[in-house]
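Raw entry_20.txt, compact mmCIF, C-alpha atoms:
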```
# COMPACT_ATOMS: atom_id res chain seq x y z
CA MET A 1 -13.82 -19.52 2.29
CA ALA A 2 -12.95 -18.04 -1.07
CA PRO A 3 -15.63 -18.46 -3.72
CA ALA A 4 -14.72 -20.87 -6.54
CA MET A 5 -14.31 -18.55 -9.46
CA ALA A 6 -11.96 -17.65 -12.25
CA ARG A 7 -11.41 -14.75 -14.63
CA ILE A 8 -11.01 -15.81 -18.22
CA THR A 9 -9.90 -13.13 -20.66
CA LEU A 10 -10.28 -13.67 -24.40
CA PRO A 11 -10.11 -11.27 -27.33
CA ALA A 12 -13.50 -9.71 -28.12
CA SER A 13 -13.53 -11.54 -31.44
CA ALA A 14 -11.12 -13.43 -33.69
CA ARG A 15 -10.80 -14.45 -37.34
CA ARG A 16 -10.96 -18.14 -38.22
CA GLY A 17 -7.49 -19.64 -37.96
CA GLU A 18 -6.12 -16.81 -35.83
CA VAL A 19 -3.96 -17.64 -32.82
CA VAL A 20 -5.66 -16.20 -29.74
CA GLU A 21 -4.26 -15.73 -26.26
CA VAL A 22 -6.29 -17.02 -23.32
CA ARG A 23 -5.58 -15.64 -19.86
CA VAL A 24 -6.90 -17.40 -16.78
CA LEU A 25 -6.79 -16.24 -13.16
CA VAL A 26 -8.11 -18.82 -10.70
CA ARG A 27 -9.23 -17.85 -7.24
CA HIS A 28 -7.66 -20.42 -4.93
CA PRO A 29 -5.63 -20.28 -1.68
CA MET A 30 -3.20 -23.00 -2.93
CA GLU A 31 -2.90 -24.26 0.63
CA ARG A 32 0.40 -26.04 1.25
CA ALA A 33 0.38 -28.84 3.78
CA VAL A 34 1.14 -27.80 7.35
CA ASP A 35 2.76 -30.52 9.41
CA ALA A 36 5.18 -29.25 12.02
CA ALA A 37 5.51 -29.31 15.79
CA GLY A 38 3.39 -26.67 17.49
CA LEU A 39 1.26 -25.95 14.42
CA THR A 40 -2.21 -27.21 13.64
CA PRO A 41 -1.76 -29.83 10.92
CA ARG A 42 -3.55 -29.01 7.70
CA PRO A 43 -3.79 -31.21 4.63
CA ARG A 44 -2.51 -29.93 1.32
CA ARG A 45 -5.25 -28.37 -0.80
CA ILE A 46 -4.00 -26.95 -4.05
CA VAL A 47 -5.30 -26.81 -7.60
CA HIS A 48 -3.27 -29.63 -9.14
CA THR A 49 -4.69 -29.48 -12.67
CA ILE A 50 -6.00 -26.75 -14.94
CA ARG A 51 -7.39 -27.81 -18.30
CA ALA A 52 -9.34 -26.11 -21.06
CA ARG A 53 -11.72 -27.51 -23.67
CA TYR A 54 -12.70 -25.66 -26.85
CA GLY A 55 -14.20 -26.77 -30.12
CA GLY A 56 -14.83 -30.29 -28.86
CA GLU A 57 -11.31 -31.08 -27.72
CA GLU A 58 -8.86 -30.38 -24.95
CA VAL A 59 -6.60 -27.47 -25.94
CA PHE A 60 -4.64 -26.96 -22.73
CA ARG A 61 -3.62 -28.92 -19.67
CA MET A 62 -1.25 -27.98 -16.87
CA ALA A 63 -0.10 -29.75 -13.72
CA LEU A 64 0.50 -27.38 -10.79
CA SER A 65 2.74 -28.01 -7.80
CA ALA A 66 2.71 -26.86 -4.20
CA GLY A 67 5.27 -24.13 -4.84
CA ILE A 68 2.84 -21.98 -6.85
CA ALA A 69 1.40 -18.90 -5.13
CA ALA A 70 -2.26 -18.39 -4.35
CA ASN A 71 -4.61 -17.30 -7.13
CA PRO A 72 -2.54 -18.77 -9.97
CA TYR A 73 -2.42 -17.00 -13.32
CA VAL A 74 -1.80 -18.91 -16.56
CA ALA A 75 -1.79 -17.76 -20.17
CA PHE A 76 -1.82 -19.98 -23.24
CA THR A 77 -2.73 -19.76 -26.91
CA THR A 78 -5.09 -21.70 -29.10
CA VAL A 79 -6.34 -21.44 -32.68
CA ALA A 80 -9.77 -19.92 -33.21
CA VAL A 81 -11.82 -22.47 -35.16
CA GLU A 82 -15.47 -21.73 -34.40
CA THR A 83 -17.68 -19.56 -32.26
CA GLY A 84 -18.19 -21.38 -29.00
CA ASP A 85 -17.43 -21.76 -25.34
CA LEU A 86 -13.92 -22.21 -24.03
CA VAL A 87 -14.46 -24.18 -20.84
CA VAL A 88 -11.77 -23.98 -18.17
CA GLU A 89 -11.75 -26.66 -15.49
CA TRP A 90 -9.62 -26.70 -12.40
CA VAL A 91 -9.28 -29.70 -10.11
CA GLU A 92 -8.21 -29.38 -6.50
CA ASP A 93 -6.94 -31.90 -3.96
CA GLY A 94 -9.89 -33.90 -2.70
CA GLY A 95 -11.26 -34.22 -6.20
CA ALA A 96 -13.52 -31.15 -6.43
CA VAL A 97 -13.78 -29.97 -10.03
CA HIS A 98 -14.74 -26.37 -10.81
CA ARG A 99 -15.74 -25.19 -14.24
CA GLN A 100 -16.17 -21.82 -15.89
CA ALA A 101 -16.81 -20.91 -19.52
CA ALA A 102 -16.01 -17.92 -21.70
CA ARG A 103 -17.41 -17.23 -25.17
CA LEU A 104 -15.08 -16.90 -28.14
CA THR A 105 -16.66 -15.24 -31.15
CA VAL A 106 -15.13 -16.22 -34.50
CA GLN A 107 -15.98 -14.23 -37.61
CA MET B 1 0.05 4.10 20.57
CA THR B 2 3.60 4.20 21.86
CA VAL B 3 4.95 7.68 21.34
CA GLY B 4 8.58 8.74 21.62
CA GLY B 5 9.76 11.17 24.31
CA GLY B 6 10.35 13.94 21.78
CA GLY B 7 6.63 14.14 21.10
CA ALA B 8 5.93 15.81 24.45
CA ALA B 9 8.30 18.76 23.92
CA SER B 10 6.70 22.02 22.78
CA PRO B 11 7.99 23.44 19.47
CA ARG B 12 9.64 26.37 21.25
CA ALA B 13 11.45 24.12 23.76
CA LEU B 14 12.52 21.89 20.88
CA ALA B 15 13.92 24.88 18.99
CA VAL B 16 15.91 26.01 22.05
CA LEU B 17 17.18 22.46 22.55
CA VAL B 18 18.16 22.24 18.90
CA ALA B 19 19.88 25.62 19.00
CA GLY B 20 21.76 24.61 22.19
CA THR B 21 22.87 21.31 20.68
CA ARG B 22 24.03 23.15 17.60
CA ARG B 23 26.14 25.57 19.61
CA VAL B 24 27.87 22.75 21.53
CA ALA B 25 28.41 20.79 18.34
CA PHE B 26 29.83 23.87 16.66
CA ALA B 27 32.32 24.38 19.49
CA ALA B 28 33.39 20.75 19.32
CA PHE B 29 33.79 20.89 15.57
CA ALA B 30 35.75 24.14 15.76
CA ALA B 31 38.12 22.62 18.31
CA PHE B 32 38.54 19.53 16.16
CA ALA B 33 39.13 21.63 13.05
CA ALA B 34 41.80 23.66 14.86
CA PHE B 35 43.53 20.47 16.03
CA ALA B 36 43.36 18.86 12.60
CA ALA B 37 44.68 21.99 10.92
CA PHE B 38 47.56 22.10 13.39
CA ALA B 39 48.33 18.42 12.84
CA ALA B 40 48.30 18.91 9.09
CA PHE B 41 50.62 21.89 9.41
CA ALA B 42 52.96 19.94 11.67
CA ALA B 43 52.92 17.05 9.23
CA LEU B 44 53.85 19.33 6.37
CA VAL B 45 56.70 21.14 8.11
CA THR B 46 58.22 18.18 10.02
CA PRO B 47 58.56 15.26 7.68
CA ALA B 48 61.14 13.75 10.03
CA MET B 49 58.48 13.03 12.71
CA CYS B 50 57.80 9.53 11.37
CA ILE B 51 54.67 10.72 9.60
CA THR B 52 54.33 9.01 6.26
CA LEU B 53 53.21 10.75 3.13
CA ALA B 54 49.91 8.85 3.13
CA MET B 55 49.16 9.87 6.71
CA ARG B 56 49.97 13.46 5.88
CA SER B 57 47.49 13.61 3.05
CA ARG B 58 44.87 11.89 5.22
CA LEU B 59 45.31 14.49 7.94
CA ALA B 60 45.09 17.32 5.44
CA ALA B 61 41.86 15.86 4.08
CA SER B 62 40.35 15.50 7.56
CA ALA B 63 41.25 19.11 8.31
CA ALA B 64 39.43 20.25 5.19
CA LEU B 65 36.41 18.09 6.08
CA ALA B 66 36.28 19.37 9.64
CA ALA B 67 36.46 22.96 8.43
CA LEU B 68 33.58 22.28 6.02
CA ALA B 69 31.51 20.64 8.76
CA ALA B 70 32.12 23.55 11.12
CA LEU B 71 31.05 25.96 8.39
CA ALA B 72 27.88 23.95 7.78
CA MET B 73 27.05 23.96 11.52
CA ALA B 74 27.59 27.72 11.72
CA LEU B 75 25.22 28.46 8.86
CA PRO B 76 21.56 28.95 9.79
CA THR B 77 19.62 25.76 9.02
CA GLY B 78 16.50 26.04 6.88
CA GLY B 79 13.88 23.36 6.34
CA ALA B 80 12.72 21.07 9.10
CA PHE B 81 14.23 22.80 12.14
CA ALA B 82 13.12 26.22 11.03
CA ALA B 83 9.60 24.90 10.40
CA SER B 84 9.32 23.14 13.78
CA GLY B 85 10.62 26.23 15.53
CA ALA B 86 7.98 28.53 14.08
CA VAL B 87 4.98 29.08 16.36
CA GLY B 88 1.45 29.46 15.03
CA THR B 89 0.90 28.59 11.38
CA PRO B 90 1.85 24.98 10.61
CA ALA B 91 3.63 24.26 7.34
CA PRO B 92 1.19 23.45 4.50
CA VAL B 93 0.35 19.77 3.99
CA PRO B 94 2.48 18.38 1.14
CA GLY B 95 0.28 17.84 -1.89
CA PRO B 96 0.48 17.44 -5.67
CA GLY B 97 4.00 18.00 -6.93
CA ALA B 98 5.66 17.13 -3.63
CA VAL B 99 3.77 13.82 -3.38
CA ARG B 100 3.85 11.40 -6.31
CA PRO B 101 1.22 8.74 -7.08
CA SER B 102 1.95 5.33 -5.53
CA ALA B 103 2.16 3.74 -9.00
CA ASP B 104 5.35 5.75 -9.61
CA TYR B 105 7.10 3.66 -6.98
CA LEU B 106 6.09 0.29 -8.44
CA SER B 107 8.42 -1.71 -10.65
CA PRO B 108 7.51 -1.40 -14.37
CA GLU B 109 6.28 -5.02 -14.35
CA LEU B 110 4.03 -4.52 -11.35
CA ARG B 111 2.72 -1.23 -12.71
CA ALA B 112 1.79 -2.88 -16.01
CA GLN B 113 0.08 -5.69 -14.13
CA GLN B 114 -1.83 -3.21 -11.96
CA ASP B 115 -3.20 -1.59 -15.12
CA ASP B 116 -4.21 -4.89 -16.73
CA PRO B 117 -7.40 -6.48 -15.33
CA SER B 118 -6.68 -9.73 -17.17
CA ARG B 119 -3.53 -10.26 -15.07
CA HIS B 120 -4.48 -8.47 -11.83
CA PRO B 121 -5.74 -10.93 -9.18
CA GLY B 122 -7.46 -8.05 -7.36
CA TRP B 123 -10.13 -8.22 -10.05
CA LEU B 124 -11.25 -11.56 -8.60
CA TRP B 125 -12.42 -9.55 -5.58
CA VAL B 126 -14.00 -6.91 -7.81
CA ASP B 127 -16.01 -9.66 -9.52
CA ALA B 128 -17.03 -11.09 -6.15
CA GLY B 129 -18.04 -7.61 -4.97
CA GLU B 130 -20.25 -7.07 -8.00
CA ALA B 131 -22.06 -10.31 -7.14
CA GLU B 132 -22.30 -9.24 -3.49
CA TRP B 133 -23.79 -5.88 -4.54
CA THR B 134 -26.91 -7.51 -6.02
CA ARG B 135 -27.26 -10.27 -3.41
CA ALA B 136 -29.85 -9.81 -0.63
CA PRO B 137 -28.05 -10.46 2.69
CA ALA B 138 -31.14 -12.16 4.17
CA ALA B 139 -34.74 -12.84 3.27
CA GLY B 140 -36.65 -9.56 3.31
CA ALA B 141 -33.52 -7.40 3.57
CA PRO B 142 -32.75 -5.23 0.55
CA SER B 143 -29.58 -5.75 -1.49
CA CYS B 144 -27.22 -2.81 -2.09
CA ALA B 145 -28.54 -2.57 -5.65
CA GLN B 146 -32.16 -2.20 -4.53
CA CYS B 147 -31.42 1.20 -2.94
CA HIS B 148 -28.40 2.41 -4.92
CA GLY B 149 -29.15 0.89 -8.32
CA ASN B 150 -26.22 0.07 -10.55
CA LEU B 151 -22.76 -0.16 -9.01
CA ASP B 152 -21.71 2.62 -11.40
CA SER B 153 -23.64 5.03 -9.15
CA MET B 154 -20.70 4.63 -6.72
CA ARG B 155 -18.41 6.46 -9.15
CA GLY B 156 -16.34 9.06 -7.29
CA VAL B 157 -17.47 8.00 -3.82
CA VAL B 158 -14.06 6.99 -2.47
CA THR B 159 -12.46 10.26 -3.63
CA ARG B 160 -14.47 11.93 -0.82
CA LEU B 161 -13.74 9.37 1.94
CA PRO B 162 -13.09 9.18 4.84
CA ALA B 163 -15.75 11.69 5.86
CA VAL B 164 -17.23 12.74 9.20
CA GLY B 165 -20.41 10.80 9.89
CA PRO B 166 -23.52 12.00 11.77
CA GLU B 167 -22.06 10.78 15.09
CA GLY B 168 -19.01 13.02 14.63
CA THR B 169 -16.64 10.12 13.99
CA LEU B 170 -14.83 9.41 10.76
CA LEU B 171 -16.30 6.89 8.35
CA ASN B 172 -14.11 5.33 5.71
CA LEU B 173 -15.40 3.12 2.89
CA GLU B 174 -15.61 0.08 5.17
CA GLY B 175 -17.43 2.16 7.78
CA ARG B 176 -19.89 3.50 5.21
CA ILE B 177 -20.66 -0.01 3.96
CA ASN B 178 -21.24 -1.24 7.50
CA ARG B 179 -23.43 1.74 8.38
CA CYS B 180 -25.69 0.84 5.46
CA ARG B 181 -25.58 -2.81 6.45
CA VAL B 182 -26.75 -2.13 10.00
CA ALA B 183 -29.20 0.71 9.37
CA ARG B 184 -30.71 -0.28 6.00
CA GLN B 185 -30.22 -4.02 5.76
CA GLY B 186 -30.70 -4.80 9.47
CA GLN B 187 -27.67 -7.07 9.52
CA PRO B 188 -24.70 -7.30 11.89
CA PRO B 189 -21.72 -5.30 10.59
CA LEU B 190 -19.19 -7.14 8.43
CA ALA B 191 -15.86 -7.81 10.10
CA TYR B 192 -12.80 -5.95 8.88
CA GLU B 193 -10.84 -8.07 6.35
CA SER B 194 -13.82 -10.41 5.93
CA GLU B 195 -14.41 -11.75 2.44
CA PRO B 196 -17.67 -9.85 1.66
CA LEU B 197 -16.35 -6.53 3.02
CA LEU B 198 -13.12 -6.75 1.01
CA ALA B 199 -15.07 -7.72 -2.11
CA LEU B 200 -17.62 -4.90 -1.73
CA SER B 201 -15.00 -2.27 -0.94
CA ALA B 202 -12.85 -3.43 -3.89
CA ALA B 203 -15.77 -3.22 -6.31
CA ILE B 204 -16.93 0.18 -5.03
CA ALA B 205 -13.41 1.65 -4.95
CA GLN B 206 -12.74 0.36 -8.46
CA ARG B 207 -15.57 2.55 -9.77
CA SER B 208 -13.49 5.62 -8.80
CA ARG B 209 -10.29 4.36 -10.40
CA GLY B 210 -8.41 7.21 -12.06
CA LEU B 211 -10.50 9.98 -10.49
CA PRO B 212 -8.62 12.63 -8.45
CA MET B 213 -8.84 12.45 -4.66
CA ALA B 214 -10.74 15.39 -3.17
CA VAL B 215 -11.55 14.67 0.46
CA PRO B 216 -13.24 17.55 2.35
CA VAL B 217 -11.10 18.70 5.28
CA ASP B 218 -12.99 21.75 6.52
CA GLY B 219 -15.56 22.01 9.33
CA ALA B 220 -15.81 18.94 11.54
CA ALA B 221 -12.99 17.20 9.62
CA ALA B 222 -10.41 19.92 10.40
CA PRO B 223 -9.52 18.78 13.96
CA LEU B 224 -9.43 15.15 12.80
CA LEU B 225 -7.07 16.10 9.97
CA ALA B 226 -4.79 17.81 12.50
CA GLU B 227 -4.91 14.66 14.63
CA GLY B 228 -4.00 12.52 11.65
CA ARG B 229 -1.16 14.83 10.74
CA ALA B 230 0.20 14.72 14.28
CA LEU B 231 0.20 10.92 14.11
CA TYR B 232 2.00 11.04 10.77
CA GLU B 233 4.67 13.38 12.05
CA THR B 234 5.18 11.98 15.57
CA ARG B 235 7.99 9.53 16.23
CA GLN B 236 6.65 6.26 17.62
CA GLY B 237 7.58 2.71 18.47
CA GLN B 238 10.84 1.17 19.62
CA LEU B 239 12.51 2.31 16.41
CA ASN B 240 11.31 5.84 17.21
CA LEU B 241 10.33 6.63 13.65
CA ALA B 242 7.61 8.89 12.30
CA CYS B 243 5.76 8.04 9.07
CA THR B 244 7.20 11.17 7.47
CA GLN B 245 10.78 10.02 7.99
CA CYS B 246 10.33 7.13 5.58
CA HIS B 247 7.56 8.34 3.30
CA ASP B 248 8.70 11.94 2.78
CA GLU B 249 12.41 12.05 3.54
CA HIS B 250 13.27 8.65 2.02
CA ALA B 251 10.47 8.04 -0.50
CA GLY B 252 11.83 6.30 -3.59
CA ARG B 253 14.78 4.73 -1.76
CA ARG B 254 14.97 1.02 -1.09
CA LEU B 255 14.05 -0.76 2.14
CA ARG B 256 14.03 -4.54 2.61
CA GLY B 257 13.99 -5.25 -1.11
CA ASP B 258 11.13 -2.88 -1.81
CA ARG B 259 10.91 0.77 -2.78
CA ILE B 260 9.58 3.15 -0.13
CA SER B 261 6.40 4.75 -1.46
CA GLY B 262 5.16 8.27 -0.84
CA GLY B 263 2.76 6.94 1.78
CA LEU B 264 -0.67 7.25 0.16
CA GLY B 265 -3.76 5.11 0.65
CA THR B 266 -5.08 5.54 -2.90
CA GLY B 267 -4.37 1.92 -3.92
CA TYR B 268 -6.33 0.29 -1.09
CA PRO B 269 -7.99 -2.14 -0.82
CA ALA B 270 -5.03 -3.68 -2.60
CA TYR B 271 -3.82 -7.12 -3.58
CA ARG B 272 -0.48 -7.60 -1.88
CA LEU B 273 1.78 -10.37 -3.06
CA GLU B 274 3.05 -10.74 0.49
CA TRP B 275 -0.50 -11.41 1.69
CA ASN B 276 -1.44 -13.66 -1.22
CA GLY B 277 -4.70 -11.75 -1.19
CA MET B 278 -6.66 -8.57 -0.79
CA GLY B 279 -6.35 -6.34 2.26
CA SER B 280 -7.60 -2.99 3.50
CA LEU B 281 -5.54 0.13 4.18
CA HIS B 282 -5.79 -0.50 7.91
CA ARG B 283 -4.21 -3.93 7.48
CA ARG B 284 -1.35 -2.16 5.72
CA LEU B 285 -1.09 0.46 8.48
CA ARG B 286 -0.87 -2.37 11.03
CA ALA B 287 2.11 -3.71 9.09
CA CYS B 288 3.74 -0.27 9.31
CA SER B 289 3.07 -0.13 13.07
CA LEU B 290 4.71 -3.53 13.42
CA GLY B 291 7.61 -2.34 11.28
CA VAL B 292 8.51 0.47 13.68
CA ARG B 293 7.64 -1.72 16.72
CA ALA B 294 4.77 0.52 17.79
CA THR B 295 1.45 -0.62 19.26
CA ILE B 296 -0.50 -2.38 16.53
CA LEU B 297 -4.04 -0.98 16.63
CA GLU B 298 -7.25 -2.74 15.70
CA PRO B 299 -8.48 -2.17 12.14
CA GLY B 300 -10.98 0.68 12.21
CA ALA B 301 -9.31 2.34 15.24
CA ALA B 302 -9.88 6.10 15.57
CA GLN B 303 -6.15 6.81 15.16
CA TYR B 304 -5.93 4.86 11.92
CA LEU B 305 -9.07 6.63 10.66
CA ALA B 306 -7.54 10.05 11.40
CA LEU B 307 -4.34 8.94 9.69
CA GLU B 308 -6.37 7.70 6.71
CA LEU B 309 -7.95 11.17 6.45
CA TYR B 310 -4.53 12.82 6.46
CA LEU B 311 -3.22 10.39 3.83
CA ALA B 312 -6.28 11.08 1.68
CA HIS B 313 -5.64 14.82 1.98
CA ARG B 314 -1.98 14.34 1.06
CA ALA B 315 -3.20 12.53 -2.06
CA ARG B 316 -5.55 15.34 -3.14
CA GLY B 317 -5.56 15.67 -6.92
CA LEU B 318 -3.86 12.30 -7.38
CA PRO B 319 -5.74 9.40 -8.99
CA VAL B 320 -7.43 6.56 -7.12
CA GLU B 321 -5.52 3.34 -7.94
CA ALA B 322 -7.77 0.83 -6.16
CA PRO B 323 -7.66 -2.09 -6.46
CA GLY B 324 -3.92 -1.66 -6.27
CA LEU B 325 -1.22 -4.25 -6.69
CA ARG B 326 1.58 -4.14 -4.15
CA ARG B 327 4.55 -6.26 -3.24
```
Please lay out the structure from this file as structure tokens.
Amino acid sequence: MAPAMARITLPASARRGEVVEVRVLVRHPMERAVDAAGLTPRPRRIVHTIRARYGGEEVFRMALSAGIAANPYVAFTTVAVETGDLVVEWVEDGGAVHRQAARLTVQ
Amino acid sequence: MTVGGGGAASPRALAVLVAGTRRVAFAAFAAFAAFAAFAAFAALVTPAMCITLAMRSRLAASAALAALAALAMALPTGGAFAASGAVGTPAPVPGPGAVRPSADYLSPELRAQQDDPSRHPGWLWVDAGEAEWTRAPAAGAPSCAQCHGNLDSMRGVVTRLPAVGPEGTLLNLEGRINRCRVARQGQPPLAYESEPLLALSAAIAQRSRGLPMAVPVDGAAAPLLAEGRALYETRQGQLNLACTQCHDEHAGRRLRGDRISGGLGTGYPAYRLEWNGMGSLHRRLRACSLGVRATILEPGAAQYLALELYLAHRARGLPVEAPGLRR
């Protein structure tokens, strides 16, 4: 069982108003459903949503489909407004929500 | 391991066989060249014999080709045959210069991703390994960090592995971790390709990233190196291929949509896109065994360990790339 974890990469610091790139790697098997003769059936278990909150509001949301490879990588940008946590949440089939935060320092 | 019939022949017998084959081939080529030359001559002097102009030029070309081939067969061959015919001193193991780092064979995109921890999924295992390093495996058992301190103390360790252990057998990184786990932590050894072993080996190997390989091959390691080299150079499997035929003679060329690498283990444990995850060098070697339809050995088998030692020696002076990123 892979541990629920992600790598969130942010610039070391940013100026107020600067556009910053956020890179997220999520550890997840992205298990497609198995349902065929001769194989053990397995329910689909993928991360279907990745969302990020920063500065009190949602800045990113993405719906993922079953065709995406394991350990998905996404990159997006946001505007640096204040020093604080950028919280990434990923939701998998079955409803489990995982959360990880990274600090963005704004000068 | 399934070994081809050629493996049993002594170098001297092989040289005689090769020389004999060459003589027969030369005779055949000479006869063919003579016939082709005659045919070309006949074609030139008797245009009335229903031989078209196109056919005439084709015959003339084949005569020239056959003459060239006969000349090539008559010349003494250097390289591989000469080396296998020599008795006594084996040819030196190819090293820096002849062998290029594995990263050279990656596509520019993959190489850039391998160098960028923010986009390299292998770093998920490095992170997990760093957590594993400080975690006590059981109540009362010490964590790795309690004996070794910071993970940075592992810098340079994998440049010297695999090494001969106290029992006289080779220990690679996975073997070293498990030896500690049994002897110091009092735990059962971690299974090959298990999550904690991959994570720990990725984190430890990462600390040597960029350092030149320098595995000791003298003393007790010398016979094991020779064994590894024999495995590398012996044809095996239903396809009857030796490692060297792909990874030396055809390195850099394309095979099944990928580029054939120089056959080094410096990037392992590596994240392979085909696996959707991290895997050890022995998992990769199993894939090669399957590829040539040879017996697929268990991870950690003595033959794979000897081969790993030879690959490490081939890579001497080249940088550690672990955790690598492979197709």
Taking only residues of chain B that have an atom at most 7 Å from an atom of chain A, what is each one's shortest atom pair and its distance in Å to one decimal, using all atoms listed in the file, in chain and number order, as CSV?
```
residue,atom,partner,partner_atom,distance
B:Ser118,CA,A:Thr9,CA,5.8
B:Pro121,CA,A:Leu25,CA,6.7
B:Leu124,CA,A:Arg27,CA,6.7
B:Asn276,CA,A:Ala70,CA,5.7
```
Find the smallest box with edges along x, y and z containing every listed atom of region 18-33 of chain A, then add 8 Å on each side and report centre and edge lengths in Å to one decimal, as lines of an AutoDock Vina configuration file.
```
center_x = -4.4
center_y = -22.2
center_z = -16.0
size_x = 25.6
size_y = 29.2
size_z = 55.6
```
Exercise. Report the distance between CA of Asn172 (chain B) and CA of Ala103 (chain B) in Å, rounded to one decimal place.
Key: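 Interatomic distance, CA of Asn172 (chain B) to CA of Ala103 (chain B): 22.0 Å.
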Name the residues, using the chain letters and numbers of the file, that sit within 12 Å of (0.1, -28.4, 0.3) when counting only C-alpha atoms, and give them as a PDB file with C-alpha atoms, in the coordinates of the input.
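The result, stored in point_31.pdb:
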```pdb
ATOM      1  CA  PRO A  29      -5.630 -20.280  -1.680  1.00  0.00           C
ATOM      2  CA  MET A  30      -3.200 -23.000  -2.930  1.00  0.00           C
ATOM      3  CA  GLU A  31      -2.900 -24.260   0.630  1.00  0.00           C
ATOM      4  CA  ARG A  32       0.400 -26.040   1.250  1.00  0.00           C
ATOM      5  CA  ALA A  33       0.380 -28.840   3.780  1.00  0.00           C
ATOM      6  CA  VAL A  34       1.140 -27.800   7.350  1.00  0.00           C
ATOM      7  CA  ASP A  35       2.760 -30.520   9.410  1.00  0.00           C
ATOM      8  CA  PRO A  41      -1.760 -29.830  10.920  1.00  0.00           C
ATOM      9  CA  ARG A  42      -3.550 -29.010   7.700  1.00  0.00           C
ATOM     10  CA  PRO A  43      -3.790 -31.210   4.630  1.00  0.00           C
ATOM     11  CA  ARG A  44      -2.510 -29.930   1.320  1.00  0.00           C
ATOM     12  CA  ARG A  45      -5.250 -28.370  -0.800  1.00  0.00           C
ATOM     13  CA  ILE A  46      -4.000 -26.950  -4.050  1.00  0.00           C
ATOM     14  CA  VAL A  47      -5.300 -26.810  -7.600  1.00  0.00           C
ATOM     15  CA  HIS A  48      -3.270 -29.630  -9.140  1.00  0.00           C
ATOM     16  CA  LEU A  64       0.500 -27.380 -10.790  1.00  0.00           C
ATOM     17  CA  SER A  65       2.740 -28.010  -7.800  1.00  0.00           C
ATOM     18  CA  ALA A  66       2.710 -26.860  -4.200  1.00  0.00           C
ATOM     19  CA  GLY A  67       5.270 -24.130  -4.840  1.00  0.00           C
ATOM     20  CA  ILE A  68       2.840 -21.980  -6.850  1.00  0.00           C
ATOM     21  CA  ALA A  69       1.400 -18.900  -5.130  1.00  0.00           C
ATOM     22  CA  ALA A  70      -2.260 -18.390  -4.350  1.00  0.00           C
ATOM     23  CA  GLU A  92      -8.210 -29.380  -6.500  1.00  0.00           C
ATOM     24  CA  ASP A  93      -6.940 -31.900  -3.960  1.00  0.00           C
ATOM     25  CA  GLY A  94      -9.890 -33.900  -2.700  1.00  0.00           C
TER      26      GLY A  94
END
```
Practice problem: Counting all atoms listed in the file, write as JSON, numbers by chain all protein and nucleic acid residues lying at most 10 Å from (-7.9, -4.0, -7.9) in the file's frame. | Solution: {"B": [114, 115, 116, 117, 120, 121, 122, 123, 124, 125, 126, 199, 202, 203, 205, 206, 209, 267, 268, 269, 270, 271, 278, 321, 322, 323, 324, 325]}
Selection export as a PDB file, in the frame of the given file, atoms kept: C-alpha atoms:
```pdb
ATOM      1  CA  GLN B 114      -1.830  -3.210 -11.960  1.00  0.00           C
ATOM      2  CA  ASP B 115      -3.200  -1.590 -15.120  1.00  0.00           C
ATOM      3  CA  ASP B 116      -4.210  -4.890 -16.730  1.00  0.00           C
ATOM      4  CA  PRO B 117      -7.400  -6.480 -15.330  1.00  0.00           C
ATOM      5  CA  HIS B 120      -4.480  -8.470 -11.830  1.00  0.00           C
ATOM      6  CA  PRO B 121      -5.740 -10.930  -9.180  1.00  0.00           C
ATOM      7  CA  GLY B 122      -7.460  -8.050  -7.360  1.00  0.00           C
ATOM      8  CA  TRP B 123     -10.130  -8.220 -10.050  1.00  0.00           C
ATOM      9  CA  LEU B 124     -11.250 -11.560  -8.600  1.00  0.00           C
ATOM     10  CA  TRP B 125     -12.420  -9.550  -5.580  1.00  0.00           C
ATOM     11  CA  VAL B 126     -14.000  -6.910  -7.810  1.00  0.00           C
ATOM     12  CA  ALA B 199     -15.070  -7.720  -2.110  1.00  0.00           C
ATOM     13  CA  ALA B 202     -12.850  -3.430  -3.890  1.00  0.00           C
ATOM     14  CA  ALA B 203     -15.770  -3.220  -6.310  1.00  0.00           C
ATOM     15  CA  ALA B 205     -13.410   1.650  -4.950  1.00  0.00           C
ATOM     16  CA  GLN B 206     -12.740   0.360  -8.460  1.00  0.00           C
ATOM     17  CA  ARG B 209     -10.290   4.360 -10.400  1.00  0.00           C
ATOM     18  CA  GLY B 267      -4.370   1.920  -3.920  1.00  0.00           C
ATOM     19  CA  TYR B 268      -6.330   0.290  -1.090  1.00  0.00           C
ATOM     20  CA  PRO B 269      -7.990  -2.140  -0.820  1.00  0.00           C
ATOM     21  CA  ALA B 270      -5.030  -3.680  -2.600  1.00  0.00           C
ATOM     22  CA  TYR B 271      -3.820  -7.120  -3.580  1.00  0.00           C
ATOM     23  CA  MET B 278      -6.660  -8.570  -0.790  1.00  0.00           C
ATOM     24  CA  GLU B 321      -5.520   3.340  -7.940  1.00  0.00           C
ATOM     25  CA  ALA B 322      -7.770   0.830  -6.160  1.00  0.00           C
ATOM     26  CA  PRO B 323      -7.660  -2.090  -6.460  1.00  0.00           C
ATOM     27  CA  GLY B 324      -3.920  -1.660  -6.270  1.00  0.00           C
ATOM     28  CA  LEU B 325      -1.220  -4.250  -6.690  1.00  0.00           C
TER      29      LEU B 325
END
```
Quiz item: Leaving out region 129-136 of chain B and any residue of its chain fewer than 4 positions from it, which residues lie within 10 Å of it when counting only C-alpha atoms, given as a ChimeraX atom specification?
Solution: /B:123-125,140-146,148-151,185,195-204
Self-check item: Nearest candidate to Leu173 (chain B) (options B:Ser280, B:Gln236, B:Ser289, B:Ser153; using all atoms listed in the file)
Solution: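 Residue with the minimum atom-to-atom distance to Leu173 (chain B): B:Ser280.
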